[in-house]
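Structure record follows, encoded as structure tokens.
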Amino acid sequence: MSSVLDSIREELAALEVAGLRRRMRPIDGPQSTEITVDGRKCLNFSSNNYLGLANDPRLAAAATLAMVDHGVGAAAARLVSGSLSPHRALEHQLAEWQGTEAALLFNSGYHANVGLVSALVGPGDVVFSDALNHASLIDGCRLSRAQVIVYRHNDVAHLESLLQAHSGRRRLIVTDSVFSMDGDRAPLIEMGTIARQNGALWAVDEAHAVGVYGPFGAGLSRDLPVDVRMGTFGKGLGGFGAFVAGAAPIIELIYQRARSFVFTTALPVPVVAAAAWAVALMREPEGAGLRTRLQQHAAYFQIELQRRGFLTPSTPSHILPIRVADRDPQSAMRASDALLERGVFMQGIRPPTVPAGTARLRLTLMATHTEAQLVRVLQALEELRSLFL
Ligand SMILES: Cc1ncc(COP(=O)(O)O)c(C=O)c1O
């Protein structure tokens, strides 16, 4: 046994030496624009709580009320303990919002992506995946045992040539709509055309777009010919869990086949109630106001960072990578620590989460950030100018 533990310690030490050992920062209090990190109060520019809903008292009240009515646990997987009315009602609400025949809840975006890919394709099929897709889509591809073809990031000509070169029983294209580490968008209109022309199924992961973009915050691909759309509740919608939406037979096949749906306890009802409240808010003027404010923040920030000479993408986004000067993966963590000392929490991201040589800080904006908070973070970045490209 001790030799096994020794080999595990060696593996951890190797991660440390390579600058790749991950650590969770201790946070106290609710998720908000200001949080306590390591005992010190900081501005929060490191969360996916884009609309500031995660600690909205109305979301908490919806969850509390549902807990009083239904309790906490869902008791088992839905195929075992039955499908509770709040789950069914939320699926109905989601299908309406997404403009699809059907929707199915999953316990997280990770479960949903792993489940949808492995349900729709298998041995003898081909899946075409963007080189920068989220880990959960990559894991879904691996689990499916279909042939996996990776196309260059957002390169539709490459995707088209690969589609022409690879045939199979069924073909599936998978992409994020907003990429989680770079904040850029997939060329969805062109992709939809290519998918149709080549008779391929098309799945879009809208994890970073639901609540943020599209009609009533329903995502960037809401009005495009997507076969399966995946959205999460854990980011813009402030809660937890996820859904897939699409034509009834596709959702039924996912329901039949996705092991990450079939073999796991259903979402707790309070979580379902919080999601239902957030989705309803998306149709209200308040939801539209939050989206507009987030987009205004993104435009302001992108202009200000470029004006100050930081290397950032040329289109505004609520996710902005800020590349560090040193290629050593540890340099992103040092920049993150230096910002923390100035009262700003912004996470450093390094390989393997991002490709080697692209360590960066990942800045994420919230609609609820104030103008004064935006100015403060720009000042802190400016003070640390020499650390960035
Ligand atoms: C693009 C993308 N898809 C899926 C997920 C997984 O979603 P969840 O956190 O709900 O598991 C994430 C992040 O977590 C993501 O960034």
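Residues in the structure tokens are numbered from 1 in each chain, the chains being A, B, ... in the order shown, and ligands are numbered from 1 in the order shown.
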Considering only C-alpha atoms, return as a list in words whatever protein or nucleic-acid residues lie within 12 Å of A:Ala288, sequence-local ones (same chain, fewer than 2 positions apart) excluded.
->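 That gives Leu51, Gly211, Val212, Tyr213, Gly214, Pro215, Phe216, Gly217, Ala218, Val279, Ala280, Leu281, Met282, Arg283, Glu284, Pro285, Glu286, Leu290, Arg291, Thr292, Arg293, Leu294, Gln295 and Ala367 of chain A.
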Using only C-alpha atoms, I'd like a table of the residues in stretch 257-367 of chain A that come within 8 Å of stretch 54-77 of chain A; for each, show the closest atom pair and its distance in Å rounded to one decimal, ordered by chain and ascending number, as JSON lines.
```
{"residue": "A:Phe261", "atom": "CA", "partner": "A:Ala77", "partner_atom": "CA", "distance": 7.7}
{"residue": "A:Val262", "atom": "CA", "partner": "A:Ala77", "partner_atom": "CA", "distance": 6.5}
{"residue": "A:Phe263", "atom": "CA", "partner": "A:Ala77", "partner_atom": "CA", "distance": 6.3}
{"residue": "A:Thr264", "atom": "CA", "partner": "A:Ala77", "partner_atom": "CA", "distance": 5.1}
{"residue": "A:Thr265", "atom": "CA", "partner": "A:Ala77", "partner_atom": "CA", "distance": 4.0}
{"residue": "A:Ala266", "atom": "CA", "partner": "A:Ala77", "partner_atom": "CA", "distance": 5.0}
{"residue": "A:Leu267", "atom": "CA", "partner": "A:Ala74", "partner_atom": "CA", "distance": 6.4}
{"residue": "A:Pro268", "atom": "CA", "partner": "A:Gly73", "partner_atom": "CA", "distance": 5.0}
{"residue": "A:Val269", "atom": "CA", "partner": "A:Ala66", "partner_atom": "CA", "distance": 6.4}
{"residue": "A:Pro270", "atom": "CA", "partner": "A:Ala63", "partner_atom": "CA", "distance": 4.1}
{"residue": "A:Val271", "atom": "CA", "partner": "A:Ala63", "partner_atom": "CA", "distance": 6.2}
{"residue": "A:Val272", "atom": "CA", "partner": "A:Ala63", "partner_atom": "CA", "distance": 7.8}
{"residue": "A:Ala273", "atom": "CA", "partner": "A:Ala63", "partner_atom": "CA", "distance": 5.4}
{"residue": "A:Ala274", "atom": "CA", "partner": "A:Ala63", "partner_atom": "CA", "distance": 5.2}
{"residue": "A:Trp277", "atom": "CA", "partner": "A:Leu59", "partner_atom": "CA", "distance": 6.5}
{"residue": "A:Ala278", "atom": "CA", "partner": "A:Leu59", "partner_atom": "CA", "distance": 7.1}
```
For the atom pair atom CA of A:Arg334 and atom CA of A:Leu305, what is the interatomic distance in Å to one decimal place?
->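 Distance reported for this atom pair: 19.8 Å.
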With only C-alpha atoms as the atoms that count, which of A:Ala356, A:Leu253, A:Met230, A:Leu311 lies nearest to A:Ala18?
->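 Closest to A:Ala18 of all the choices is A:Ala356.
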Separation of atom CA of A:Leu365 from atom CA of A:Thr315 in Å |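 Taking atom CA of A:Thr315 and atom CA of A:Leu365, their separation equals 14.5 Å.
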Ligand 1: which residues are within 9 Å, counting only C-alpha atoms and all ligand atoms, as a VMD selection string?
-> chain A and resid 48 106 to 113 133 to 137 175 to 181 205 to 208 230 to 235 240 to 242
Okay, now the selection with N, CA, C and O atoms, as a short mmCIF file (atom, residue, chain, number, x, y, z; two decimals), in the first residue's frame?
```cif
data_model
loop_
_atom_site.label_atom_id
_atom_site.label_comp_id
_atom_site.auth_asym_id
_atom_site.auth_seq_id
_atom_site.Cartn_x
_atom_site.Cartn_y
_atom_site.Cartn_z
N ASN A 48 -19.05 32.79 -13.01
CA ASN A 48 -19.92 32.69 -14.20
C ASN A 48 -21.34 33.17 -13.86
O ASN A 48 -22.27 32.88 -14.58
N PHE A 106 -30.97 17.70 -16.90
CA PHE A 106 -29.79 16.95 -16.47
C PHE A 106 -29.27 17.59 -15.18
O PHE A 106 -29.59 18.74 -14.88
N ASN A 107 -28.45 16.84 -14.45
CA ASN A 107 -27.98 17.35 -13.17
C ASN A 107 -26.91 18.42 -13.29
O ASN A 107 -26.64 19.13 -12.33
N SER A 108 -26.25 18.49 -14.42
CA SER A 108 -25.27 19.56 -14.65
C SER A 108 -24.99 19.59 -16.15
O SER A 108 -25.35 18.65 -16.89
N GLY A 109 -24.29 20.63 -16.57
CA GLY A 109 -23.90 20.70 -17.97
C GLY A 109 -22.94 19.57 -18.32
O GLY A 109 -22.96 19.06 -19.44
N TYR A 110 -22.12 19.20 -17.36
CA TYR A 110 -21.19 18.10 -17.59
C TYR A 110 -21.97 16.81 -17.90
O TYR A 110 -21.71 16.12 -18.89
N HIS A 111 -22.95 16.52 -17.03
CA HIS A 111 -23.79 15.33 -17.26
C HIS A 111 -24.48 15.41 -18.63
O HIS A 111 -24.60 14.42 -19.35
N ALA A 112 -24.99 16.60 -18.95
CA ALA A 112 -25.77 16.75 -20.19
C ALA A 112 -24.89 16.50 -21.42
O ALA A 112 -25.28 15.76 -22.33
N ASN A 113 -23.70 17.09 -21.43
CA ASN A 113 -22.84 16.93 -22.61
C ASN A 113 -22.35 15.51 -22.78
O ASN A 113 -22.37 14.95 -23.88
N ASN A 133 -13.43 22.91 -27.70
CA ASN A 133 -14.66 22.57 -26.98
C ASN A 133 -14.39 22.28 -25.52
O ASN A 133 -13.30 21.87 -25.13
N HIS A 134 -15.45 22.47 -24.72
CA HIS A 134 -15.35 22.22 -23.27
C HIS A 134 -15.05 20.75 -22.98
O HIS A 134 -15.45 19.85 -23.74
N ALA A 135 -14.37 20.53 -21.87
CA ALA A 135 -13.97 19.18 -21.46
C ALA A 135 -15.14 18.20 -21.43
O ALA A 135 -14.98 17.01 -21.74
N SER A 136 -16.32 18.68 -21.08
CA SER A 136 -17.47 17.77 -20.98
C SER A 136 -17.89 17.25 -22.36
O SER A 136 -18.33 16.10 -22.48
N LEU A 137 -17.75 18.08 -23.39
CA LEU A 137 -18.03 17.59 -24.75
C LEU A 137 -16.94 16.61 -25.18
O LEU A 137 -17.23 15.57 -25.80
N THR A 175 -20.28 21.80 -30.85
CA THR A 175 -19.51 23.02 -30.59
C THR A 175 -20.08 23.77 -29.39
O THR A 175 -21.28 23.70 -29.11
N ASP A 176 -19.21 24.49 -28.68
CA ASP A 176 -19.67 25.51 -27.73
C ASP A 176 -20.19 26.67 -28.57
O ASP A 176 -19.68 26.89 -29.68
N SER A 177 -21.16 27.44 -28.06
CA SER A 177 -21.54 28.66 -28.80
C SER A 177 -20.66 29.83 -28.35
O SER A 177 -20.17 30.59 -29.18
N VAL A 178 -20.44 29.94 -27.04
CA VAL A 178 -19.46 30.90 -26.51
C VAL A 178 -18.39 30.05 -25.83
O VAL A 178 -18.72 29.24 -24.95
N PHE A 179 -17.15 30.21 -26.22
CA PHE A 179 -16.08 29.36 -25.68
C PHE A 179 -15.69 29.84 -24.28
O PHE A 179 -15.50 31.04 -24.07
N SER A 180 -15.61 28.86 -23.37
CA SER A 180 -15.55 29.20 -21.95
C SER A 180 -14.27 29.91 -21.53
O SER A 180 -14.28 30.66 -20.57
N MET A 181 -13.17 29.68 -22.22
CA MET A 181 -11.90 30.27 -21.78
C MET A 181 -11.50 31.48 -22.61
O MET A 181 -10.68 32.27 -22.19
N ASP A 205 -23.55 23.75 -27.46
CA ASP A 205 -23.47 23.95 -26.01
C ASP A 205 -23.56 25.45 -25.73
O ASP A 205 -22.64 26.20 -26.03
N GLU A 206 -24.68 25.84 -25.13
CA GLU A 206 -24.95 27.27 -24.89
C GLU A 206 -24.68 27.65 -23.42
O GLU A 206 -25.26 28.62 -22.92
N ALA A 207 -23.80 26.89 -22.76
CA ALA A 207 -23.58 27.10 -21.32
C ALA A 207 -23.30 28.57 -20.97
O ALA A 207 -23.82 29.08 -19.98
N HIS A 208 -22.49 29.23 -21.80
CA HIS A 208 -22.12 30.62 -21.47
C HIS A 208 -22.98 31.64 -22.21
O HIS A 208 -22.67 32.83 -22.19
N MET A 230 -27.87 22.58 -25.67
CA MET A 230 -27.64 22.32 -24.24
C MET A 230 -27.49 23.66 -23.53
O MET A 230 -26.80 24.55 -24.03
N GLY A 231 -28.16 23.82 -22.42
CA GLY A 231 -28.00 25.05 -21.63
C GLY A 231 -27.83 24.69 -20.16
O GLY A 231 -28.29 23.63 -19.71
N THR A 232 -27.16 25.55 -19.43
CA THR A 232 -26.95 25.28 -18.00
C THR A 232 -27.69 26.31 -17.15
O THR A 232 -27.93 27.43 -17.59
N PHE A 233 -28.01 25.92 -15.92
CA PHE A 233 -28.61 26.87 -14.96
C PHE A 233 -27.53 27.44 -14.04
O PHE A 233 -27.80 28.34 -13.26
N GLY A 234 -26.34 26.89 -14.08
CA GLY A 234 -25.32 27.22 -13.08
C GLY A 234 -24.51 28.48 -13.38
O GLY A 234 -23.67 28.86 -12.58
N LYS A 235 -24.76 29.10 -14.52
CA LYS A 235 -23.95 30.27 -14.88
C LYS A 235 -24.88 31.50 -14.91
O LYS A 235 -25.22 32.01 -13.86
N PHE A 240 -28.26 25.86 -10.57
CA PHE A 240 -27.49 24.64 -10.78
C PHE A 240 -28.31 23.69 -11.64
O PHE A 240 -29.53 23.68 -11.56
N GLY A 241 -27.63 22.89 -12.46
CA GLY A 241 -28.33 21.93 -13.31
C GLY A 241 -28.23 22.35 -14.76
O GLY A 241 -27.54 23.32 -15.09
N ALA A 242 -28.90 21.59 -15.63
CA ALA A 242 -28.80 21.86 -17.07
C ALA A 242 -29.97 21.21 -17.80
O ALA A 242 -30.76 20.46 -17.20
#
```
Go through A:Ala359, A:Leu340, A:Val228, A:Val117 and flag the residue nearest A:Gly39, using only C-alpha atoms for the distances.
->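 Using only C-alpha atoms, A:Gly39 sits closest to A:Leu340.
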